[in-house]
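Student: First the structure, then my questions, so here it is.
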Amino acid sequence: MLDRSLVARRDRPLGAAPTSNDRARVAPAPAGVRLSLRVRGAEGLSSLGLGLAINRMSAEGERFSARLGPDEWLLGAGEAELETLEGEIAAALGDRFRSVVDVSHRNVAVEIAGPDAASALNAGCPLDLSDAAFPAGSATRTLLGKAEIVLLRPTAEPLYRVECWRSFATYVHGFLVEAARTA
Amino acid sequence: MAQPHRLPQGGRVDRATPIRFSFDGRTIEGFAGDTVASALLANGVHLVGRSFKYHRPRGILTHGSDEPSALLQVDRGPGKIDPNNRATVVEARNGLTTSSQNRWPSLAFDVGAVNDLLSSVFVAGFYYKTFMWPRSFWDKVYEPVIRAAAGLGVAPQVADPDAYANRHAHCDVLIVGAGPAGLAAALAAAKSGKRVILADEQPEFGGSLLHDTTATIDGQSAEAWRIAAIEELDGYETVTLLPRTTAFGYYNHNHVALTERVTDHRETPAKGAPRERLWQVRAGEVVLATGSHERPLVFADNDRPGVMLAESVRVFINRYGVAPGRRIVFVTSGASAYAAAADAKAAGLEVVMVDLRPERDCGPEAADLRLKGVEVLTGQTVIETKGRKRVAGLVVAPCANGTVGDRRVIACDCVGMSGGWTPAVHLFSQSRGKLAYDEGRDAFLPGVSAQAERSVGAAAGLYDLATCLTSGYAAGAAAAGVAGGRAFAASQTPTGFTPVRDLPTDANPAKVRAFVDFQNDVTAKDLKLAMREGFESIEHVKRYTTTGMATDQGKTSNMNALGIVSKALGRPLPAIGTTTFRPPYTPVTFGALVGPARDALFDPIRTTPIHEWAAEHGAAFENVALWRRAWHFARPGEDMHAAVDRECRAVREGVGIFDASTLGKIEVVGPDAAEFMNRMYVNPWTKLGVGRCRYGLMLKEDGYILDDGVVARMAEDRFHVTTTTGGAPRVMNHMEDYLQTEWPDLDVFLTSTTEQWAVIAVQGPRARDVIAPLVSGIDLSNEAFPHMSVREGAICGAPCRLFRVSFTGDLGFEINVPADYGRAVWEAVFAAGEPYGITPYGTEAMHVLRAEKGYIIVGQETDGTVTPDDVGLAGMIAKAKKDFVGKRSLARPDVVAAGRKQLVGLATETAALVLDEGAQIVADPGEPIPMTMLGHVTSSYFSANCGRSIALALVADGRALMGRTLHVTTPAGFAAATVCDPVFFDSEGGRIHA
Amino acid sequence: MLLIDCPFCGTRPETEFRCGGEAHIARPTDPSALDDGAWAEHLFVRSNPRGLHAERWIHAHGCGRWFNAVRDTYTDRFVETYKAGEQPSHPIDDARA
């Protein structure tokens, strides 16, 4: 039998504490579940955010669905919800052809919030992040400096979630801290 | 007396806030609001630099960013030293250390000034003519001497400690320049409620209004209007005002780069504030209100300190309250200098006006000035200046129809000259707009726009104040897409000038030094010489004479140069054309361009979940693409060679552990997954069973190897594909390209899982023993879990995909666990392996171990021109498949031709000799040069397990040369080596199935 | 930096994209039926017009989709973008024609 002491614990790449100034706060987000869902012709369905327009997201608590392309969704949920989420996908899509791949450990999230959050992001993100161009519920893959990110704006608050691949997390986090400092 | 040349009143400086800085070790006092130039002039300092080539004394020519002469080194502290700062734009403040450039031992006594006496040697094309022979002298003598003698300023020696920020910004209307036209444009655009950015290089908005103290707009003083305009703009949330911000580059699709100087003017910058911020603005519409540059006049010794532009004299008096001279002679060919002369007179200075135009061509401004008691001479030419390091007199003479009359010397300590105006069309030209020559204004004006852009005010050749305001307002409204213009009432501006090129003179032309380009020491004579020598294209003249080059990019000199060339060639100006305007408009610091991308933020440094463990255990790392990979784990006292030998032996004799997390991984999912794999790889996939693995080889359409890696079938419709570390993005792109554009009908999706999985390779005869206690749900026996298979289960309670694969040729497992479990599982495996002497090994040992087995590494044995057969892998190709990417190319004539280079092993005659990778291979070392190259060494190591060096090589027809001795280049000559099978270890291959 | 209108995401900056060369060069359904010359033509020969050019772009750091664009190679102006598999509505200058 396996020795209990050998049970591996989950080790997130960013142990950093939040970095704050008056205008922008940068904080690594807790671990969660992320699934990459690929499916074609599912726009008619309403559950799981399948009916969202491209580059739009819906969010409730830790759950979110972001449509990143015509046939691609990034689904997020709390750490314990992997099976629940997979079950919901199965229920929503039946035997429709799709690809569901667990990327919970591939993605790392950093949050940046505050009045200067958008300006700090614009240190490395070339998109127009004004309320008109990137309103609440926006989500897209884009760039931050030399790293690819998924940028999520769940609400109208000046709070953005930056998701990147695990090995880019140190760079992305460091970039945002520096950008918040000099925004 | 401090500031003896500060006027008793006037100017925008804050006389209540004195400041001090140093210039060449001397303390200079000034006031807040001064530039370094205005403070120097207030203290009577006119000599501020030595010229580039002749080391002639130079002063302050202009009042702004077009300054070619007054270039200073500015020192704000260690690492904060910039050369080539224009004294006319550096804001004076406490604590600045400034110094003149290009002089030795001192500014007043400069040894290099001997060049001026030798000026007949240093003519146009001097470098090309002089430093030609002997060739070997160039590197050793000429270049070092030229570099020491020339140059503008000194580069700093230590790293810049300042922070630089970057900002991408978007707006509907970007307005460049906040003079009257720009302000009016901003007012109109702001009313629309759209996003407006207004940027100006000056610390204060207003442009010419900052020194046009007598102007009125709409019945109020220009100053009152300016203040109201800025207040109104400041009230809009949608308007961003950027003072101290220079738009220096206008790129495609209205992408404009600006640099904002955030803290240089502050004695104590806010903590964390960046020194500069690079703005990358994407604008819906751009309004260029960049103003114009005054032209110097070209006459003998026109570069003497104290000789400046007429409008600059006016600026120093009105804006800074400084008298650049007590007795000022203005020389002009146009009307605008009369305003300067009137203001100088009003400031209590002695003024004489010399107009080059005949009396009949002068406007009412001449009579007006005479009424103010100023002597106005018309129909004159200038022969030369008097003085040495400061102008002491101007020699003028009447001139009619080319006949020069009697000379008259006018004593003076300052000359204000004006040869007319040149619109600043740099940004317009960078935007790829077409310039059009306007004869009436003697200028190239913005013609057809290439982008959503409008030029207004002086930048469009409109010099009258009311016209500037009206054109600016109309352009601002139009850019914002709103209707309505409005007319402005403003005081009249004296405009119009007669173009002059070089001034007529009765002096010996061989002795006249009339400067056209002050920064590069180019005279009218140099330009004429270039044309006599056959240079006619303006681009050639520019490069040959260097006119218009260097940090000022010819802002003051270009039109004079063009005019002289045009006159000398007898061709109209438009036929000469202009040289190309390129970014940046003014010099930009490297810091601004680099922004945050330095040190840890220079590039993302990708590390694996096991990286910290490796670092803690003494790993040296190597860069593989953006990854840092553990290279070897040298123990104290061990060199790399010994460490790699030990690591290699440990794997063969016991067990080693290796971090393979960087391998690319792609999840290929869908009912057509096997069909897709069939088309992408040379191998057959249809019959690969679930739970089985296969080594996959991927080609480009040209038949050459693109990548390789083990592929596992996790389910009927799901493959776990691995790629090389560096090839991961390439393979993903390659697959997506075919899937989306050639076979969109296939029901397959691809997802990168490279970073989802940490991969721990456990390799060696004891590998099974080590992991067995940790794995649950998987039968590890050889029968149940043979080589090249995969199982899903758990290790240390973490879900895992366990591969039984080997890149060492020994029994091996690759444990894939979700990345966050990587380090914990690694530590558990390492602990479980300690009784077996488990040894962490790095990429170098991995390379040696695979080379012992003759396994290729893509990018090492292959270089984009290598086919499967070249590396002995033709057997991988599925014969039954009708098609796959690259198949057709394998039948191309050059691919099937004999004589292709083939992968072989090389065994050196001297067993200890490790060949150089990349070394060339020949059959006969005695063959005369050029020798016949047979191929090259692709991999070469010392193998502890083989007790000798081993090498892989690509050799023409290599497989037919087994046993032959060939010769490989070495630093000492050639080494003999025998062609052998590329498998050096366990050639029967039994160990892998243990 | 160009602005490119992704058919799925709208106008985005060039840094999010990569260009994949000339568009509308379909892979032959049966490459083995082509002789060496025809195959070499397919592999290597591309038009290089001064003017309108149909080319492939991928919104690599966006939706990840390949699409086509008609760009003026002289002015860098994009005349139109359209999804993979569709045809341009503008006539293309083809240097080979």
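Chain labels follow the order of the structure tokens: the first chain is A, the next B, and so on; residue numbering restarts at 1 in every chain, and ligands are counted from 1 in their shown order.
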So that I can see what lies close to A:Ser46, please list as a ChimeraX atom specification the residues with an atom at most 12 Å from it, counting only C-alpha atoms and leaving out residues fewer than 4 positions away in the same chain.
Tutor: /A:42,50-53,58,65,89,92-93
Student: Would you write out, as JSON lines, a table of all residues in stretch 5-85 of chain C that have an atom no more than 12 Å from an atom of stretch 150-171 of chain A, listing for each the closest atom pair and the distance in Å to one decimal, considering only C-alpha atoms and ordering rows by chain and rising residue number?
Tutor:
{"residue": "C:His61", "atom": "CA", "partner": "A:Val150", "partner_atom": "CA", "distance": 9.1}
{"residue": "C:Gly62", "atom": "CA", "partner": "A:Val150", "partner_atom": "CA", "distance": 8.7}
{"residue": "C:Cys63", "atom": "CA", "partner": "A:Val150", "partner_atom": "CA", "distance": 10.4}
Student: Let's have the selection written as a compact mmCIF listing (two decimals), in the first residue's frame, with C-alpha atoms.
Tutor:
# COMPACT_ATOMS: atom_id res chain seq x y z
CA HIS C 61 -1.83 34.72 -30.47
CA GLY C 62 -5.58 35.11 -30.74
CA CYS C 63 -8.20 32.65 -31.92
Student: What residues in chain C have any atom no more than 10 Å from chain A when counting only C-alpha atoms, and can you write them as a list in words?
Tutor: Phe8, Cys9, Gly10, Thr11, Arg12, Pro13, Glu14, Thr15, Glu16, Phe17, His59, Ala60, His61, Gly62, Cys63, Gly64 and Arg65 of chain C
Student: Could those residues be written to a file, using all heavy atoms, as a CSV table (one decimal), in the first residue's frame?
Tutor:
chain,number,residue,atom,x,y,z
C,8,PHE,N,-12.6,36.4,-37.3
C,8,PHE,CA,-13.3,36.0,-36.1
C,8,PHE,C,-13.2,37.0,-35.0
C,8,PHE,O,-14.1,37.1,-34.2
C,8,PHE,CB,-12.7,34.6,-35.7
C,8,PHE,CG,-12.8,33.6,-36.7
C,8,PHE,CD1,-11.7,33.2,-37.5
C,8,PHE,CD2,-14.0,32.9,-36.9
C,8,PHE,CE1,-11.8,32.3,-38.5
C,8,PHE,CE2,-14.1,31.9,-37.9
C,8,PHE,CZ,-13.0,31.6,-38.7
C,9,CYS,N,-12.1,37.7,-34.8
C,9,CYS,CA,-11.8,38.5,-33.6
C,9,CYS,C,-11.9,40.0,-33.9
C,9,CYS,O,-11.8,40.8,-33.0
C,9,CYS,CB,-10.5,38.2,-33.0
C,9,CYS,SG,-10.3,36.4,-32.5
C,10,GLY,N,-12.0,40.4,-35.2
C,10,GLY,CA,-11.9,41.8,-35.5
C,10,GLY,C,-10.5,42.3,-35.6
C,10,GLY,O,-9.5,41.5,-35.8
C,11,THR,N,-10.4,43.6,-35.6
C,11,THR,CA,-9.1,44.2,-35.9
C,11,THR,C,-8.1,44.0,-34.7
C,11,THR,O,-8.4,44.4,-33.6
C,11,THR,CB,-9.3,45.7,-36.2
C,11,THR,OG1,-10.2,45.8,-37.3
C,11,THR,CG2,-8.0,46.4,-36.6
C,12,ARG,N,-6.9,43.5,-35.0
C,12,ARG,CA,-5.9,43.2,-34.0
C,12,ARG,C,-4.6,43.7,-34.5
C,12,ARG,O,-4.3,43.7,-35.7
C,12,ARG,CB,-5.9,41.8,-33.6
C,12,ARG,CG,-7.2,41.2,-33.0
C,12,ARG,CD,-7.4,41.8,-31.6
C,12,ARG,NE,-8.4,41.1,-30.9
C,12,ARG,CZ,-8.1,40.1,-30.0
C,12,ARG,NH1,-6.9,39.8,-29.7
C,12,ARG,NH2,-9.1,39.5,-29.4
C,13,PRO,N,-3.6,43.9,-33.6
C,13,PRO,CA,-2.3,44.3,-34.1
C,13,PRO,C,-1.5,43.1,-34.7
C,13,PRO,O,-1.7,42.0,-34.3
C,13,PRO,CB,-1.6,44.8,-32.8
C,13,PRO,CG,-2.4,44.2,-31.7
C,13,PRO,CD,-3.8,44.0,-32.2
C,14,GLU,N,-0.6,43.5,-35.5
C,14,GLU,CA,0.2,42.5,-36.3
C,14,GLU,C,0.9,41.5,-35.4
C,14,GLU,O,1.1,40.4,-35.8
C,14,GLU,CB,1.2,43.3,-37.2
C,14,GLU,CG,2.1,42.5,-38.1
C,14,GLU,CD,3.1,43.4,-38.8
C,14,GLU,OE1,3.0,44.6,-38.7
C,14,GLU,OE2,4.0,42.8,-39.5
C,15,THR,N,1.4,42.0,-34.2
C,15,THR,CA,2.2,41.1,-33.4
C,15,THR,C,1.4,39.8,-33.0
C,15,THR,O,2.0,38.8,-32.6
C,15,THR,CB,2.7,41.8,-32.1
C,15,THR,OG1,1.5,42.4,-31.5
C,15,THR,CG2,3.8,42.8,-32.4
C,16,GLU,N,0.1,39.8,-33.1
C,16,GLU,CA,-0.7,38.6,-32.8
C,16,GLU,C,-0.7,37.7,-33.9
C,16,GLU,O,-1.2,36.5,-33.7
C,16,GLU,CB,-2.1,39.0,-32.3
C,16,GLU,CG,-2.2,39.7,-31.0
C,16,GLU,CD,-3.6,40.0,-30.6
C,16,GLU,OE1,-4.6,39.7,-31.3
C,16,GLU,OE2,-3.8,40.4,-29.4
C,17,PHE,N,-0.2,38.0,-35.1
C,17,PHE,CA,-0.4,37.2,-36.3
C,17,PHE,C,0.9,36.7,-36.8
C,17,PHE,O,2.0,37.3,-36.5
C,17,PHE,CB,-1.0,38.1,-37.4
C,17,PHE,CG,-2.4,38.5,-37.1
C,17,PHE,CD1,-2.6,39.7,-36.3
C,17,PHE,CD2,-3.5,37.9,-37.5
C,17,PHE,CE1,-3.9,40.1,-36.0
C,17,PHE,CE2,-4.8,38.3,-37.2
C,17,PHE,CZ,-5.0,39.4,-36.5
C,59,HIS,N,-4.0,33.9,-36.9
C,59,HIS,CA,-4.2,34.8,-35.7
C,59,HIS,C,-3.6,33.9,-34.6
C,59,HIS,O,-4.3,33.4,-33.7
C,59,HIS,CB,-5.6,35.1,-35.4
C,59,HIS,CG,-5.8,36.2,-34.4
C,59,HIS,ND1,-7.0,36.6,-33.9
C,59,HIS,CD2,-4.9,37.0,-33.8
C,59,HIS,CE1,-6.8,37.5,-33.0
C,59,HIS,NE2,-5.5,37.8,-32.9
C,60,ALA,N,-2.2,33.8,-34.6
C,60,ALA,CA,-1.5,32.8,-33.8
C,60,ALA,C,-1.7,33.1,-32.3
C,60,ALA,O,-2.0,32.2,-31.5
C,60,ALA,CB,0.0,32.9,-34.1
C,61,HIS,N,-1.7,34.4,-31.9
C,61,HIS,CA,-1.8,34.7,-30.5
C,61,HIS,C,-3.2,35.3,-30.3
C,61,HIS,O,-3.4,36.3,-29.6
C,61,HIS,CB,-0.7,35.7,-30.0
C,61,HIS,CG,0.6,35.2,-30.2
C,61,HIS,ND1,1.1,34.1,-29.5
C,61,HIS,CD2,1.6,35.5,-31.0
C,61,HIS,CE1,2.3,33.8,-29.8
C,61,HIS,NE2,2.7,34.7,-30.8
C,62,GLY,N,-4.2,34.7,-30.9
C,62,GLY,CA,-5.6,35.1,-30.7
C,62,GLY,C,-6.4,33.9,-30.8
C,62,GLY,O,-6.2,32.9,-30.0
C,63,CYS,N,-7.3,33.8,-31.8
C,63,CYS,CA,-8.2,32.7,-31.9
C,63,CYS,C,-7.5,31.4,-32.5
C,63,CYS,O,-8.1,30.4,-32.6
C,63,CYS,CB,-9.4,33.0,-32.7
C,63,CYS,SG,-9.1,33.5,-34.4
C,64,GLY,N,-6.3,31.6,-33.0
C,64,GLY,CA,-5.5,30.5,-33.6
C,64,GLY,C,-6.0,30.0,-34.9
C,64,GLY,O,-5.7,28.9,-35.4
C,65,ARG,N,-6.8,30.8,-35.6
C,65,ARG,CA,-7.4,30.4,-36.9
C,65,ARG,C,-6.6,30.9,-38.1
C,65,ARG,O,-6.2,32.1,-38.1
C,65,ARG,CB,-8.8,30.8,-37.0
C,65,ARG,CG,-9.7,30.5,-35.9
C,65,ARG,CD,-9.7,29.1,-35.5
C,65,ARG,NE,-10.3,28.2,-36.6
C,65,ARG,CZ,-10.4,26.9,-36.5
C,65,ARG,NH1,-9.9,26.3,-35.4
C,65,ARG,NH2,-10.9,26.2,-37.5
Student: Run DSSP on the backbone and grab whatever in stretch 792-882 of chain B lands in strand (DSSP E or B); send it over as a PyMOL selection string.
Tutor: chain B and resi 792-795+798-804+812-818+839-840
Student: Could you save those same residues with all heavy atoms as a short mmCIF file (atom, residue, chain, number, x, y, z; two decimals), in the first residue's frame?
Tutor:
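And here is the file that came out, result_10.cif:
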data_model
loop_
_atom_site.label_atom_id
_atom_site.label_comp_id
_atom_site.auth_asym_id
_atom_site.auth_seq_id
_atom_site.Cartn_x
_atom_site.Cartn_y
_atom_site.Cartn_z
N GLU B 792 -2.26 4.25 -17.77
CA GLU B 792 -2.73 5.30 -16.87
C GLU B 792 -2.94 4.72 -15.49
O GLU B 792 -3.46 3.61 -15.34
CB GLU B 792 -4.02 5.93 -17.38
CG GLU B 792 -3.79 6.76 -18.63
CD GLU B 792 -5.01 7.51 -19.11
OE1 GLU B 792 -5.81 6.92 -19.85
OE2 GLU B 792 -5.17 8.69 -18.74
N GLY B 793 -2.51 5.42 -14.49
CA GLY B 793 -2.63 4.96 -13.11
C GLY B 793 -2.32 6.10 -12.18
O GLY B 793 -2.63 7.26 -12.49
N ALA B 794 -1.69 5.77 -11.08
CA ALA B 794 -1.34 6.82 -10.13
C ALA B 794 0.07 6.58 -9.62
O ALA B 794 0.54 5.43 -9.56
CB ALA B 794 -2.33 6.86 -8.98
N ILE B 795 0.73 7.66 -9.31
CA ILE B 795 2.03 7.58 -8.64
C ILE B 795 1.99 8.57 -7.49
O ILE B 795 1.59 9.73 -7.68
CB ILE B 795 3.21 7.82 -9.61
CG1 ILE B 795 4.53 7.61 -8.89
CG2 ILE B 795 3.14 9.18 -10.26
CD1 ILE B 795 5.72 7.40 -9.81
N ALA B 798 -0.92 10.72 -7.23
CA ALA B 798 -1.22 11.67 -8.31
C ALA B 798 -1.53 10.88 -9.58
O ALA B 798 -0.88 9.87 -9.85
CB ALA B 798 -0.03 12.59 -8.55
N PRO B 799 -2.52 11.38 -10.35
CA PRO B 799 -2.81 10.67 -11.60
C PRO B 799 -1.59 10.72 -12.50
O PRO B 799 -0.89 11.72 -12.54
CB PRO B 799 -3.96 11.47 -12.20
CG PRO B 799 -3.88 12.82 -11.56
CD PRO B 799 -3.30 12.61 -10.19
N CYS B 800 -1.34 9.63 -13.23
CA CYS B 800 -0.19 9.67 -14.12
C CYS B 800 -0.43 8.89 -15.40
O CYS B 800 -1.27 8.01 -15.46
CB CYS B 800 1.08 9.19 -13.42
SG CYS B 800 1.31 7.43 -13.40
N ARG B 801 0.27 9.34 -16.42
CA ARG B 801 0.41 8.55 -17.64
C ARG B 801 1.84 8.04 -17.61
O ARG B 801 2.79 8.82 -17.71
CB ARG B 801 0.18 9.42 -18.88
CG ARG B 801 -1.26 9.81 -19.08
CD ARG B 801 -1.43 10.68 -20.32
NE ARG B 801 -2.86 11.00 -20.51
CZ ARG B 801 -3.32 11.81 -21.45
NH1 ARG B 801 -2.47 12.40 -22.29
NH2 ARG B 801 -4.61 12.04 -21.56
N LEU B 802 1.95 6.73 -17.44
CA LEU B 802 3.28 6.15 -17.30
C LEU B 802 3.69 5.52 -18.63
O LEU B 802 3.00 4.64 -19.15
CB LEU B 802 3.26 5.09 -16.19
CG LEU B 802 4.61 4.47 -15.84
CD1 LEU B 802 5.59 5.52 -15.33
CD2 LEU B 802 4.43 3.37 -14.80
N PHE B 803 4.77 6.04 -19.19
CA PHE B 803 5.30 5.51 -20.46
C PHE B 803 6.45 4.57 -20.17
O PHE B 803 7.32 4.89 -19.36
CB PHE B 803 5.83 6.66 -21.33
CG PHE B 803 4.78 7.53 -21.95
CD1 PHE B 803 3.98 8.35 -21.16
CD2 PHE B 803 4.59 7.55 -23.32
CE1 PHE B 803 3.01 9.17 -21.73
CE2 PHE B 803 3.63 8.36 -23.90
CZ PHE B 803 2.83 9.17 -23.11
N ARG B 804 6.45 3.43 -20.83
CA ARG B 804 7.67 2.63 -20.79
C ARG B 804 8.40 2.90 -22.10
O ARG B 804 8.12 2.30 -23.14
CB ARG B 804 7.37 1.13 -20.62
CG ARG B 804 8.68 0.37 -20.69
CD ARG B 804 8.76 -0.92 -19.99
NE ARG B 804 10.09 -1.47 -20.26
CZ ARG B 804 10.33 -2.76 -20.38
NH1 ARG B 804 9.37 -3.65 -20.19
NH2 ARG B 804 11.56 -3.17 -20.65
N GLY B 812 13.56 1.82 -19.20
CA GLY B 812 13.24 3.18 -18.79
C GLY B 812 11.76 3.45 -18.73
O GLY B 812 10.95 2.80 -19.39
N PHE B 813 11.43 4.40 -17.88
CA PHE B 813 10.04 4.86 -17.75
C PHE B 813 10.04 6.37 -17.81
O PHE B 813 10.98 7.02 -17.35
CB PHE B 813 9.44 4.42 -16.40
CG PHE B 813 9.39 2.92 -16.23
CD1 PHE B 813 10.46 2.23 -15.65
CD2 PHE B 813 8.29 2.19 -16.68
CE1 PHE B 813 10.43 0.86 -15.51
CE2 PHE B 813 8.25 0.80 -16.52
CZ PHE B 813 9.32 0.13 -15.94
N GLU B 814 8.99 6.90 -18.39
CA GLU B 814 8.78 8.34 -18.32
C GLU B 814 7.46 8.57 -17.62
O GLU B 814 6.40 8.19 -18.12
CB GLU B 814 8.83 8.97 -19.72
CG GLU B 814 10.26 8.99 -20.27
CD GLU B 814 10.43 9.74 -21.59
OE1 GLU B 814 9.43 10.30 -22.09
OE2 GLU B 814 11.56 9.76 -22.11
N ILE B 815 7.56 9.17 -16.45
CA ILE B 815 6.39 9.40 -15.61
C ILE B 815 5.82 10.76 -15.94
O ILE B 815 6.48 11.79 -15.74
CB ILE B 815 6.79 9.37 -14.11
CG1 ILE B 815 7.48 8.05 -13.76
CG2 ILE B 815 5.57 9.63 -13.23
CD1 ILE B 815 8.28 8.12 -12.45
N ASN B 816 4.62 10.80 -16.49
CA ASN B 816 3.92 12.06 -16.76
C ASN B 816 2.91 12.31 -15.64
O ASN B 816 1.98 11.52 -15.48
CB ASN B 816 3.18 12.00 -18.09
CG ASN B 816 4.10 12.11 -19.29
OD1 ASN B 816 4.06 13.07 -20.05
ND2 ASN B 816 4.94 11.10 -19.48
N VAL B 817 3.12 13.37 -14.88
CA VAL B 817 2.14 13.73 -13.85
C VAL B 817 1.75 15.19 -14.06
O VAL B 817 2.54 15.98 -14.59
CB VAL B 817 2.70 13.56 -12.41
CG1 VAL B 817 2.83 12.10 -12.05
CG2 VAL B 817 4.00 14.31 -12.23
N PRO B 818 0.52 15.57 -13.65
CA PRO B 818 0.16 16.98 -13.77
C PRO B 818 1.23 17.84 -13.09
O PRO B 818 1.75 17.51 -12.03
CB PRO B 818 -1.19 17.05 -13.04
CG PRO B 818 -1.77 15.68 -13.24
CD PRO B 818 -0.59 14.74 -13.17
N THR B 839 20.81 8.57 -9.61
CA THR B 839 21.67 9.71 -9.98
C THR B 839 20.91 10.66 -10.89
O THR B 839 20.46 10.26 -11.96
CB THR B 839 22.93 9.19 -10.71
OG1 THR B 839 23.62 8.30 -9.83
CG2 THR B 839 23.83 10.34 -11.13
N PRO B 840 20.74 11.89 -10.46
CA PRO B 840 20.15 12.86 -11.39
C PRO B 840 21.12 13.14 -12.53
O PRO B 840 22.32 13.28 -12.29
CB PRO B 840 19.91 14.09 -10.52
CG PRO B 840 20.86 13.97 -9.38
CD PRO B 840 21.13 12.51 -9.18
#
Student: With only C-alpha atoms considered, list every residue of chain A at most 8 Å from chain B, as a PyMOL selection string.
Tutor: chain A and resi 2+6-13+36+38+97-99+101-107+119-120+122-128+146-147+165-168+170-171+174-175+178-179+181-183
Student: Write out as a PyMOL selection string which residues come within 12 Å of B:Met962 when counting only C-alpha atoms, dropping same-chain ones fewer than 6 positions away.
Tutor: chain B and resi 902-907+955-956+977-982
Student: Select, from B:Gly809, B:Gly348, B:Gly249, B:Gly833, the residue with the minimum atom-to-atom distance to chain C, counting only C-alpha atoms.
Tutor: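 Checking each of B:Gly809, B:Gly348, B:Gly249, B:Gly833 against chain C, counting only C-alpha atoms, the winner is B:Gly249.
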Student: From the set B:Ala674, B:Met933, B:Ala466, B:Ala341, which residue has the shortest atom-to-atom contact distance to B:Ala715, counting only C-alpha atoms?
Tutor: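 Smallest separation from B:Ala715 among the options: B:Ala674.
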Student: What residues in chain B lie within 8 Å of chain C, counting only C-alpha atoms, written as a CSV table (one decimal) with C-alpha atoms, in the first residue's frame?
Tutor:
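result_2.csv, freshly written:
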chain,number,residue,atom,x,y,z
B,251,TYR,CA,4.4,53.8,-38.9
B,252,ASN,CA,1.9,51.7,-40.7
B,253,HIS,CA,-1.8,52.0,-40.0
B,255,HIS,CA,0.8,53.5,-35.4
B,701,GLU,CA,6.3,18.8,-47.5
B,702,ASP,CA,9.8,19.1,-49.0
B,737,ASP,CA,-2.0,24.5,-40.6
B,740,GLN,CA,-7.4,23.9,-40.7
B,741,THR,CA,-6.4,24.6,-44.3
B,742,GLU,CA,-6.0,21.3,-46.1
B,883,ASP,CA,0.2,9.8,-49.1
B,888,ARG,CA,6.0,12.9,-52.8
B,889,SER,CA,9.2,14.8,-52.1
B,892,ARG,CA,12.3,14.0,-56.0
B,893,PRO,CA,15.3,13.6,-58.2
Student: In stretch 69-104 of chain A, what's alpha helix (DSSP H) per DSSP? Answer as a VMD selection string?
Tutor: chain A and resid 82 to 93
Student: List the spatial neighbours of A:Leu176 as a PyMOL selection string - criterion: any atom at most 8 Å away, only C-alpha atoms, same-chain residues fewer than 5 positions off excluded.
Tutor: chain A and resi 26+112+120-121
Student: Take the selection from the previous step and output its residues with N, CA, C and O atoms, as an mmCIF file, in the first residue's frame.
Tutor:
data_model
loop_
_atom_site.group_PDB
_atom_site.id
_atom_site.type_symbol
_atom_site.label_atom_id
_atom_site.label_comp_id
_atom_site.auth_asym_id
_atom_site.auth_seq_id
_atom_site.Cartn_x
_atom_site.Cartn_y
_atom_site.Cartn_z
ATOM 1 N N VAL A 26 -1.404 43.407 -7.814
ATOM 2 C CA VAL A 26 -1.095 42.206 -8.607
ATOM 3 C C VAL A 26 -1.044 41.017 -7.661
ATOM 4 O O VAL A 26 -0.309 41.049 -6.668
ATOM 5 N N ILE A 112 -4.886 41.278 -11.757
ATOM 6 C CA ILE A 112 -4.444 42.664 -11.569
ATOM 7 C C ILE A 112 -5.692 43.519 -11.477
ATOM 8 O O ILE A 112 -6.598 43.399 -12.307
ATOM 9 N N ALA A 120 -1.501 49.362 -16.745
ATOM 10 C CA ALA A 120 -0.380 48.461 -16.491
ATOM 11 C C ALA A 120 -0.378 47.324 -17.510
ATOM 12 O O ALA A 120 0.670 46.967 -18.047
ATOM 13 N N LEU A 121 -1.541 46.769 -17.796
ATOM 14 C CA LEU A 121 -1.614 45.714 -18.814
ATOM 15 C C LEU A 121 -1.128 46.245 -20.154
ATOM 16 O O LEU A 121 -0.458 45.541 -20.918
#
Student: Just give me the gap between atom CA of B:Glu533 and atom CA of B:Val500 in Å, one decimal is fine.
Tutor: 24.1 Å
Student: Determine, counting only C-alpha atoms, which protein, DNA and RNA residues have an atom within 8 Å of an atom of C:Ile92; residues of the same chain fewer than 5 positions away are not included. Present the result as a PyMOL selection string.
Tutor: chain C and resi 52-54+70
